[in-house]
>>> print(open('structure07.cif').read())   # mmCIF, C-alpha atoms
data_query
loop_
_atom_site.label_atom_id
_atom_site.label_comp_id
_atom_site.auth_asym_id
_atom_site.auth_seq_id
_atom_site.Cartn_x
_atom_site.Cartn_y
_atom_site.Cartn_z
CA MET A 1 39.06 1.14 7.64
CA ASP A 2 38.82 1.23 3.88
CA GLU A 3 40.10 4.51 2.43
CA GLN A 4 38.96 6.01 -0.86
CA GLU A 5 40.34 8.85 -2.89
CA PRO A 6 38.01 11.83 -2.28
CA ASP A 7 36.70 14.06 -5.03
CA TYR A 8 39.63 16.27 -6.04
CA ARG A 9 37.53 19.40 -5.43
CA PHE A 10 37.33 18.55 -1.72
CA THR A 11 41.05 17.88 -1.58
CA LEU A 12 41.78 21.21 -3.24
CA ALA A 13 39.33 23.04 -0.96
CA ASN A 14 41.09 21.50 2.04
CA GLU A 15 44.42 22.70 0.65
CA ARG A 16 43.06 26.23 0.08
CA THR A 17 41.87 26.35 3.68
CA TYR A 18 45.30 25.21 4.85
CA LEU A 19 46.97 27.92 2.79
CA ALA A 20 44.56 30.54 4.17
CA TYR A 21 45.58 29.55 7.69
CA LEU A 22 49.24 29.84 6.69
CA ARG A 23 48.63 33.36 5.35
CA THR A 24 46.98 34.22 8.65
CA SER A 25 49.94 32.87 10.58
CA LEU A 26 52.32 34.93 8.43
CA ALA A 27 50.24 38.02 9.19
CA CYS A 28 50.49 37.24 12.92
CA TYR A 29 54.28 36.87 12.64
CA ALA A 30 54.57 40.15 10.74
CA GLY A 31 52.24 41.96 13.12
CA GLY A 32 54.06 40.66 16.17
CA LEU A 33 57.49 41.58 14.87
CA SER A 34 56.21 44.98 13.75
CA ALA A 35 54.68 45.62 17.16
CA VAL A 36 58.01 44.98 18.87
CA GLN A 37 59.88 47.10 16.34
CA PHE A 38 57.56 50.06 15.80
CA LEU A 39 54.95 50.42 18.58
CA ASP A 40 55.76 53.17 21.04
CA LEU A 41 53.52 52.50 24.03
CA GLY A 42 55.80 53.68 26.80
CA ARG A 43 59.35 54.18 27.93
CA ASP A 44 60.09 50.57 28.74
CA ARG A 45 58.50 49.20 25.55
CA TRP A 46 57.21 46.16 27.45
CA PRO A 47 53.61 46.64 26.24
CA ALA A 48 54.84 46.37 22.64
CA ARG A 49 56.83 43.28 23.54
CA ILE A 50 53.77 41.67 25.14
CA ILE A 51 51.67 42.34 22.04
CA GLY A 52 54.48 41.07 19.82
CA VAL A 53 54.90 37.86 21.78
CA ILE A 54 51.14 37.22 21.79
CA LEU A 55 50.93 37.66 18.02
CA VAL A 56 54.00 35.55 17.23
CA LEU A 57 52.75 32.77 19.51
CA ALA A 58 49.37 32.98 17.77
CA GLY A 59 51.21 32.61 14.45
CA LEU A 60 53.03 29.53 15.69
CA ALA A 61 49.83 27.98 17.03
CA THR A 62 48.06 28.75 13.76
CA THR A 63 50.81 27.16 11.68
CA LEU A 64 50.82 23.98 13.74
CA GLY A 65 47.01 23.90 14.06
CA ALA A 66 46.59 24.37 10.32
CA LEU A 67 48.86 21.44 9.54
CA ARG A 68 47.03 19.23 12.00
CA ARG A 69 43.62 20.31 10.66
CA TRP A 70 44.66 19.71 7.04
CA GLN A 71 45.88 16.20 7.89
CA GLN A 72 42.78 15.33 9.96
CA ASN A 73 40.45 16.56 7.23
CA LEU A 74 42.29 14.59 4.56
CA VAL A 75 42.08 11.38 6.61
CA ALA A 76 38.37 11.97 7.37
CA MET A 77 37.58 12.58 3.69
CA ARG A 78 39.43 9.44 2.64
CA ARG A 79 37.51 7.41 5.21
CA GLN A 80 34.22 9.15 4.35
CA GLU A 81 33.83 10.29 7.95
CA PRO A 82 32.54 13.62 9.26
CA LEU A 83 35.15 16.36 9.34
CA PRO A 84 36.63 16.94 12.80
CA VAL A 85 35.61 19.99 14.81
CA THR A 86 38.31 22.62 15.28
CA LYS A 87 38.78 25.42 17.79
CA LEU A 88 41.47 27.11 15.69
CA PRO A 89 39.26 30.03 14.51
CA LEU A 90 38.11 30.64 18.09
CA MET A 91 41.71 30.62 19.33
CA LEU A 92 42.73 33.07 16.61
CA ALA A 93 39.83 35.43 17.30
CA ALA A 94 40.45 35.37 21.06
CA THR A 95 44.19 35.93 20.73
CA ILE A 96 43.88 38.79 18.25
CA THR A 97 41.16 40.37 20.42
CA ILE A 98 43.34 40.14 23.53
CA GLY A 99 46.33 41.63 21.69
CA GLY A 100 44.15 44.43 20.33
CA LEU A 101 42.68 45.20 23.75
CA ILE A 102 46.14 45.35 25.31
CA GLY A 103 47.22 47.76 22.58
CA LEU A 104 44.09 49.88 23.07
CA VAL A 105 44.54 50.07 26.84
CA PHE A 106 48.14 51.16 26.56
CA ALA A 107 47.42 53.59 23.73
CA LEU A 108 44.72 55.27 25.83
CA TRP A 109 46.88 55.15 28.96
CA ARG A 110 49.72 57.03 27.26
#
>>> encode(input="structure07.cif", output="C-alpha coordinates")
Amino acid sequence: MDEQEPDYRFTLANERTYLAYLRTSLACYAGGLSAVQFLDLGRDRWPARIIGVILVLAGLATTLGALRRWQQNLVAMRRQEPLPVTKLPLMLAATITIGGLIGLVFALWR
(Lines of atoms letter the chains of each structure in order from A and count residues from 1; the text may use other names and numbers.)
(Lines give C-alpha, C1' and ligand atoms only; values in the text may rest on other atoms or scores of the structure.)
Protein backbone atom coordinates (compact mmCIF):
# COMPACT_ATOMS: atom_id res chain seq x y z
CA MET A 1 0.00 0.00 0.00
CA ASP A 2 1.15 3.50 -0.79
CA GLU A 3 2.30 5.37 2.32
CA GLN A 4 2.22 9.14 2.73
CA GLU A 5 3.75 11.38 5.32
CA PRO A 6 0.90 12.42 7.65
CA ASP A 7 0.34 15.97 8.83
CA TYR A 8 3.01 16.62 11.45
CA ARG A 9 0.34 17.63 13.98
CA PHE A 10 -1.06 14.08 13.93
CA THR A 11 2.41 12.61 14.29
CA LEU A 12 3.13 14.86 17.26
CA ALA A 13 -0.26 14.09 18.84
CA ASN A 14 0.50 10.38 18.49
CA GLU A 15 3.86 10.96 20.18
CA ARG A 16 2.24 12.92 23.04
CA THR A 17 -0.20 10.08 23.61
CA TYR A 18 2.70 7.62 23.68
CA LEU A 19 4.54 9.76 26.22
CA ALA A 20 1.38 10.02 28.36
CA TYR A 21 1.19 6.23 28.45
CA LEU A 22 4.86 6.08 29.46
CA ARG A 23 4.19 8.51 32.32
CA THR A 24 1.33 6.29 33.42
CA SER A 25 3.56 3.23 33.33
CA LEU A 26 6.18 5.04 35.42
CA ALA A 27 3.47 5.90 37.96
CA CYS A 28 2.47 2.22 38.08
CA TYR A 29 6.10 1.19 38.66
CA ALA A 30 6.52 3.78 41.41
CA GLY A 31 3.21 2.87 43.02
CA GLY A 32 3.97 -0.82 42.93
CA LEU A 33 7.43 -0.45 44.40
CA SER A 34 6.10 1.96 47.03
CA ALA A 35 3.34 -0.47 47.97
CA VAL A 36 5.86 -3.23 48.60
CA GLN A 37 8.16 -0.90 50.53
CA PHE A 38 5.73 1.17 52.61
CA LEU A 39 2.26 -0.44 52.87
CA ASP A 40 1.63 -2.11 56.20
CA LEU A 41 -1.40 -4.32 55.63
CA GLY A 42 -0.53 -7.19 57.93
CA ARG A 43 2.22 -9.16 59.56
CA ASP A 44 3.21 -11.17 56.53
CA ARG A 45 3.16 -8.20 54.14
CA TRP A 46 1.79 -10.40 51.36
CA PRO A 47 -1.15 -8.06 50.61
CA ALA A 48 1.34 -5.26 49.91
CA ARG A 49 3.35 -7.59 47.70
CA ILE A 50 0.24 -8.56 45.74
CA ILE A 51 -0.66 -4.91 45.16
CA GLY A 52 2.95 -4.14 44.22
CA VAL A 53 3.14 -6.99 41.72
CA ILE A 54 -0.19 -6.01 40.15
CA LEU A 55 0.93 -2.41 39.69
CA VAL A 56 4.38 -3.26 38.34
CA LEU A 57 2.87 -5.75 35.88
CA ALA A 58 0.38 -3.06 34.83
CA GLY A 59 3.34 -0.74 34.24
CA LEU A 60 5.07 -3.33 32.08
CA ALA A 61 1.90 -4.00 30.08
CA THR A 62 1.36 -0.26 29.65
CA THR A 63 4.90 0.30 28.41
CA LEU A 64 4.69 -2.50 25.86
CA GLY A 65 1.10 -1.63 24.87
CA ALA A 66 2.01 2.03 24.40
CA LEU A 67 4.87 1.17 22.06
CA ARG A 68 2.66 -1.14 20.03
CA ARG A 69 -0.15 1.45 19.88
CA TRP A 70 2.23 4.22 18.80
CA GLN A 71 3.63 2.05 16.00
CA GLN A 72 0.18 0.89 14.82
CA ASN A 73 -1.16 4.44 14.79
CA LEU A 74 1.84 5.71 12.83
CA VAL A 75 1.43 2.99 10.20
CA ALA A 76 -2.34 3.62 9.96
CA MET A 77 -1.82 7.37 9.54
CA ARG A 78 0.79 6.83 6.83
CA ARG A 79 -1.57 4.51 4.97
CA GLN A 80 -4.55 6.82 5.58
CA GLU A 81 -6.43 4.01 7.33
CA PRO A 82 -8.65 4.20 10.41
CA LEU A 83 -6.74 4.12 13.68
CA PRO A 84 -6.77 0.69 15.36
CA VAL A 85 -8.94 0.09 18.40
CA THR A 86 -7.09 -0.41 21.68
CA LYS A 87 -8.05 -2.01 24.97
CA LEU A 88 -5.10 -0.45 26.81
CA PRO A 89 -7.18 2.16 28.73
CA LEU A 90 -9.65 -0.55 29.78
CA MET A 91 -6.80 -2.79 30.96
CA LEU A 92 -5.29 0.07 32.95
CA ALA A 93 -8.58 1.03 34.56
CA ALA A 94 -9.39 -2.58 35.48
CA THR A 95 -5.95 -3.27 36.90
CA ILE A 96 -5.80 -0.10 38.98
CA THR A 97 -9.35 -0.76 40.23
CA ILE A 98 -8.45 -4.31 41.25
CA GLY A 99 -5.29 -3.14 43.03
CA GLY A 100 -7.26 -0.42 44.81
CA LEU A 101 -9.99 -2.83 45.89
CA ILE A 102 -7.42 -5.27 47.27
CA GLY A 103 -5.83 -2.43 49.22
CA LEU A 104 -9.23 -1.29 50.51
CA VAL A 105 -10.24 -4.79 51.62
CA PHE A 106 -7.03 -5.33 53.52
CA ALA A 107 -7.05 -1.83 55.01
CA LEU A 108 -10.58 -2.40 56.35
CA TRP A 109 -9.73 -5.95 57.47
CA ARG A 110 -6.82 -4.74 59.61
>>> atom_distance(input="structure07.cif", atom1="CA of Ile98 (chain A)", atom2="CA of Trp70 (chain A)")
26.3 Å
>>> atom_distance(input="structure07.cif", atom1="CA of Thr17 (chain A)", atom2="CA of Ile51 (chain A)")
26.2 Å
>>> resolve_selection(input="structure07.cif", expression="the PyMOL selection byres ((chain A and resi 19-34) around 7)", output="count of residues only")
19
>>> axis_aligned_box(input="structure07.cif", around="region 37-47 of chain A", padding_each_side="8 Å", output="AutoDock Vina command-line options")
--center_x 56.8 --center_y 50.2 --center_z 22.3 --size_x 22.6 --size_y 24.0 --size_z 28.9
>>> resolve_selection(input="structure07.cif", expression="the PyMOL selection byres ((chain A and resi 2-6) around 12)", output="list in words")
Met1, Asp7, Tyr8, Arg9, Phe10, Thr11, Leu12, Ala13, Asn14, Asn73, Leu74, Val75, Ala76, Met77, Arg78, Arg79, Gln80 and Glu81 of chain A
>>> closest_residue(input="structure07.cif", among="A:Leu41, A:Pro89, A:Leu57, A:Gln72", to="Val105 (chain A)", atoms="all atoms listed in the file")
A:Leu41
>>> atom_distance(input="structure07.cif", atom1="CA of Trp109 (chain A)", atom2="CA of Ile96 (chain A)")
19.8 Å
>>> closest_residue(input="structure07.cif", among="A:Ala93, A:Ile54, A:Ala48, A:Ala61", to="Ala107 (chain A)", atoms="all atoms listed in the file")
A:Ala48
>>> closest_residue(input="structure07.cif", among="A:Leu101, A:Ile50, A:Arg69, A:Leu64", to="Val85 (chain A)", atoms="all atoms listed in the file")
A:Arg69
>>> build_atoms(input="structure07.cif", residues="region 57-73 of chain A", atoms="N, CA and C atoms", output="mmCIF file, keeping the file's coordinate frame")
data_model
loop_
_atom_site.group_PDB
_atom_site.id
_atom_site.type_symbol
_atom_site.label_atom_id
_atom_site.label_comp_id
_atom_site.auth_asym_id
_atom_site.auth_seq_id
_atom_site.Cartn_x
_atom_site.Cartn_y
_atom_site.Cartn_z
ATOM 1 N N LEU A 57 53.227 34.064 19.002
ATOM 2 C CA LEU A 57 52.750 32.770 19.510
ATOM 3 C C LEU A 57 51.461 32.341 18.811
ATOM 4 N N ALA A 58 50.588 33.307 18.519
ATOM 5 C CA ALA A 58 49.370 32.980 17.770
ATOM 6 C C ALA A 58 49.729 32.477 16.375
ATOM 7 N N GLY A 59 50.750 33.075 15.760
ATOM 8 C CA GLY A 59 51.210 32.610 14.450
ATOM 9 C C GLY A 59 51.734 31.188 14.507
ATOM 10 N N LEU A 60 52.514 30.896 15.538
ATOM 11 C CA LEU A 60 53.030 29.530 15.690
ATOM 12 C C LEU A 60 51.901 28.523 15.898
ATOM 13 N N ALA A 61 50.963 28.877 16.776
ATOM 14 C CA ALA A 61 49.830 27.980 17.030
ATOM 15 C C ALA A 61 48.992 27.790 15.772
ATOM 16 N N THR A 62 48.833 28.847 14.995
ATOM 17 C CA THR A 62 48.060 28.750 13.760
ATOM 18 C C THR A 62 48.750 27.858 12.740
ATOM 19 N N THR A 63 50.055 28.003 12.616
ATOM 20 C CA THR A 63 50.810 27.160 11.680
ATOM 21 C C THR A 63 50.669 25.690 12.045
ATOM 22 N N LEU A 64 50.897 25.376 13.307
ATOM 23 C CA LEU A 64 50.820 23.980 13.740
ATOM 24 C C LEU A 64 49.377 23.458 13.692
ATOM 25 N N GLY A 65 48.413 24.300 14.102
ATOM 26 C CA GLY A 65 47.010 23.900 14.060
ATOM 27 C C GLY A 65 46.513 23.675 12.644
ATOM 28 N N ALA A 66 46.992 24.512 11.720
ATOM 29 C CA ALA A 66 46.590 24.370 10.320
ATOM 30 C C ALA A 66 47.079 23.058 9.729
ATOM 31 N N LEU A 67 48.318 22.704 10.036
ATOM 32 C CA LEU A 67 48.860 21.440 9.540
ATOM 33 C C LEU A 67 48.068 20.258 10.089
ATOM 34 N N ARG A 68 47.790 20.315 11.365
ATOM 35 C CA ARG A 68 47.030 19.230 12.000
ATOM 36 C C ARG A 68 45.626 19.129 11.405
ATOM 37 N N ARG A 69 44.977 20.292 11.227
ATOM 38 C CA ARG A 69 43.620 20.310 10.660
ATOM 39 C C ARG A 69 43.622 19.770 9.235
ATOM 40 N N TRP A 70 44.581 20.179 8.429
ATOM 41 C CA TRP A 70 44.660 19.710 7.040
ATOM 42 C C TRP A 70 44.791 18.183 7.016
ATOM 43 N N GLN A 71 45.675 17.642 7.854
ATOM 44 C CA GLN A 71 45.880 16.200 7.890
ATOM 45 C C GLN A 71 44.622 15.463 8.367
ATOM 46 N N GLN A 72 43.987 15.971 9.433
ATOM 47 C CA GLN A 72 42.780 15.330 9.960
ATOM 48 C C GLN A 72 41.649 15.347 8.929
ATOM 49 N N ASN A 73 41.503 16.471 8.246
ATOM 50 C CA ASN A 73 40.450 16.560 7.230
ATOM 51 C C ASN A 73 40.704 15.593 6.087
#
